[in-house]
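Reading through the C-alpha cells given below for one structure.
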Amino acid sequence: MASRSANGRMTTARLADGVIHMFESAVCIASLAAIVVLVLVQVFYRYILSSGILWLNEVVINLMILLVLVGAALATRHAVHTDLRMLLDNTPPRIAAILRVIGVVATIGFLVAMIWSSTTYAWESRRLTATMTGMPLWLVYGIMPFGGVLILYEFLAKLFGGSFGRSIEPS
C-alpha cells in the first residue's frame with residue numbers, strides 16, 4: 001500500500017509537471033501569434049489607412065513581456081539557456097563544482113529577489129490603470145512575479161530532478 005501511494009504521488013507530480021509544460025507552451029504560442037497579428041493590424045492601419053491604433057502598442061508590449069518570461073521558463077525546462085559550459089569544462093573539477101554552486105545560489109537569489117520586488121511593485125500599483133487600455137496595472141505588472149515563479153519552478157525541477165516528476169536530463 002505504501003508503494004502505491006508513493007507511486008501515486010509520482011504520477012501526480014508528473015501530471016502536474018505535464019500540465020505546467022502544456023500551459024507554458026500554449027502561452028508562448030498564443031502570445032507570439034497575438035503579437036504577430038496585432039503588429040500586422042497596426043502596420044495595415046498605419047500605412048494603408050494612415051491612422052494607427054494607439055492601444056495596440058501597449059498590448060503588444062505586455063504580450064512581449066509575457067512571452068519573454070514564460071519563454072524563459074520553457075527554455076529552462078529544455079536546458080537551452082546559455083551558460084558557462086566552456087569555462088566549466090576547462091577548469092579543474094573542484095573549481096568547476098564551486099562555480100556551479102555559486103551559479104545555483106546566484107540564480108535562486110536573483111529569482112527570489114525578482115519575485116519579491118515585482119510582487120511588491122504589482123501590489124503597490126493595484127489602484128492604477130494603463131493609460132490607453134484601462135487595464136489594471138497590477139495585472140500587467142503581475143506578469144513579472146508570475147514568470148519568475150515559473151522560471152524558479154523549472155530551475156528547481158532541473159536541480160532536484162526526480163522529486164518533481166522528471167529527470168535532470170534535457171527533454
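We label chains A, B, ... in the order they appear in the C-alpha cells, count residues from 1 in each chain, and number ligands from 1 in the order shown.
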Which residues are near Leu69 (chain A)? Cut-off 8 Å, only C-alpha atoms, ignore same chain within fewer than 4 positions. Put them as an mmCIF file with N, CA, C and O atoms, in the first residue's frame.
```
data_model
loop_
_atom_site.group_PDB
_atom_site.id
_atom_site.type_symbol
_atom_site.label_atom_id
_atom_site.label_comp_id
_atom_site.auth_asym_id
_atom_site.auth_seq_id
_atom_site.Cartn_x
_atom_site.Cartn_y
_atom_site.Cartn_z
ATOM 1 N N ILE A 65 6.338 40.918 -22.940
ATOM 2 C CA ILE A 65 6.864 40.626 -21.600
ATOM 3 C C ILE A 65 6.409 39.240 -21.151
ATOM 4 O O ILE A 65 7.194 38.449 -20.626
ATOM 5 N N ALA A 73 11.033 30.399 -18.806
ATOM 6 C CA ALA A 73 10.731 29.188 -18.033
ATOM 7 C C ALA A 73 10.804 27.955 -18.933
ATOM 8 O O ALA A 73 11.375 26.927 -18.554
ATOM 9 N N ILE A 143 2.674 40.035 -14.329
ATOM 10 C CA ILE A 143 3.353 39.117 -15.249
ATOM 11 C C ILE A 143 4.762 38.807 -14.749
ATOM 12 O O ILE A 143 5.236 37.676 -14.865
ATOM 13 N N MET A 144 5.421 39.789 -14.161
ATOM 14 C CA MET A 144 6.806 39.602 -13.693
ATOM 15 C C MET A 144 6.914 38.543 -12.589
ATOM 16 O O MET A 144 7.681 37.593 -12.735
ATOM 17 N N GLY A 147 5.966 35.052 -14.050
ATOM 18 C CA GLY A 147 7.049 34.476 -14.845
ATOM 19 C C GLY A 147 8.220 34.043 -13.977
ATOM 20 O O GLY A 147 8.819 32.997 -14.213
ATOM 21 N N GLY A 148 8.524 34.831 -12.962
ATOM 22 C CA GLY A 148 9.611 34.472 -12.049
ATOM 23 C C GLY A 148 9.345 33.175 -11.312
ATOM 24 O O GLY A 148 10.239 32.345 -11.142
ATOM 25 N N ILE A 151 9.855 30.322 -13.772
ATOM 26 C CA ILE A 151 11.289 30.086 -14.000
ATOM 27 C C ILE A 151 11.904 29.386 -12.789
ATOM 28 O O ILE A 151 12.683 28.432 -12.932
#
```
- region 130-136 of chain A surroundings by only C-alpha atoms, 8 Å radius, close-in-sequence under 4 positions cut, as an MDAnalysis selection string: chainID A and resid 54:55 58:59 126 140
- Query: In terms of the shortest atom-to-atom distance over only C-alpha atoms, which of A:Phe155, A:Arg77, A:Asn62, A:Thr129 is closest to Phe110 (chain A)?
  - Reply: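 Closest to Phe110 (chain A) of all the choices is A:Phe155.
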- Task: Fewer than 4 positions away in the same chain doesn't count, so skip those; otherwise give me all residues within 12 Å of Trp116 (chain A), counting only C-alpha atoms, as a list in words.
- Result: Gly109, Phe110, Leu111, Val112, Thr120, Tyr121, Ala122, Trp123, Gly142, Met144, Pro145, Phe146, Gly148 and Val149 of chain A
- Message: When you count only C-alpha atoms, which of these residues is closest to Ile108 (chain A): A:Leu152, A:Asp83, A:Ile95, A:Leu56?
- Response: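 Checking each of A:Leu152, A:Asp83, A:Ile95, A:Leu56 against Ile108 (chain A), counting only C-alpha atoms, the winner is A:Leu152.
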- Message: From the options A:Ala113, A:Ile98, A:Glu24, A:Ile29, which residue's atoms come nearest to Ala72 (chain A), counting only C-alpha atoms?
- Response: A:Glu24
- DSSP on the backbone, then: every residue of region 48-120 of chain A marked alpha helix (DSSP H), written as a ChimeraX atom specification. /A:54-77,85-89,93-120
- For Leu88 (chain A), please output as JSON, numbers by chain all residues within 10 Å (counting only C-alpha atoms; exclusion window: fewer than 3 positions along the same chain). {"A": [83, 84, 85, 91, 92, 93, 95, 96, 97, 98, 99, 100]}
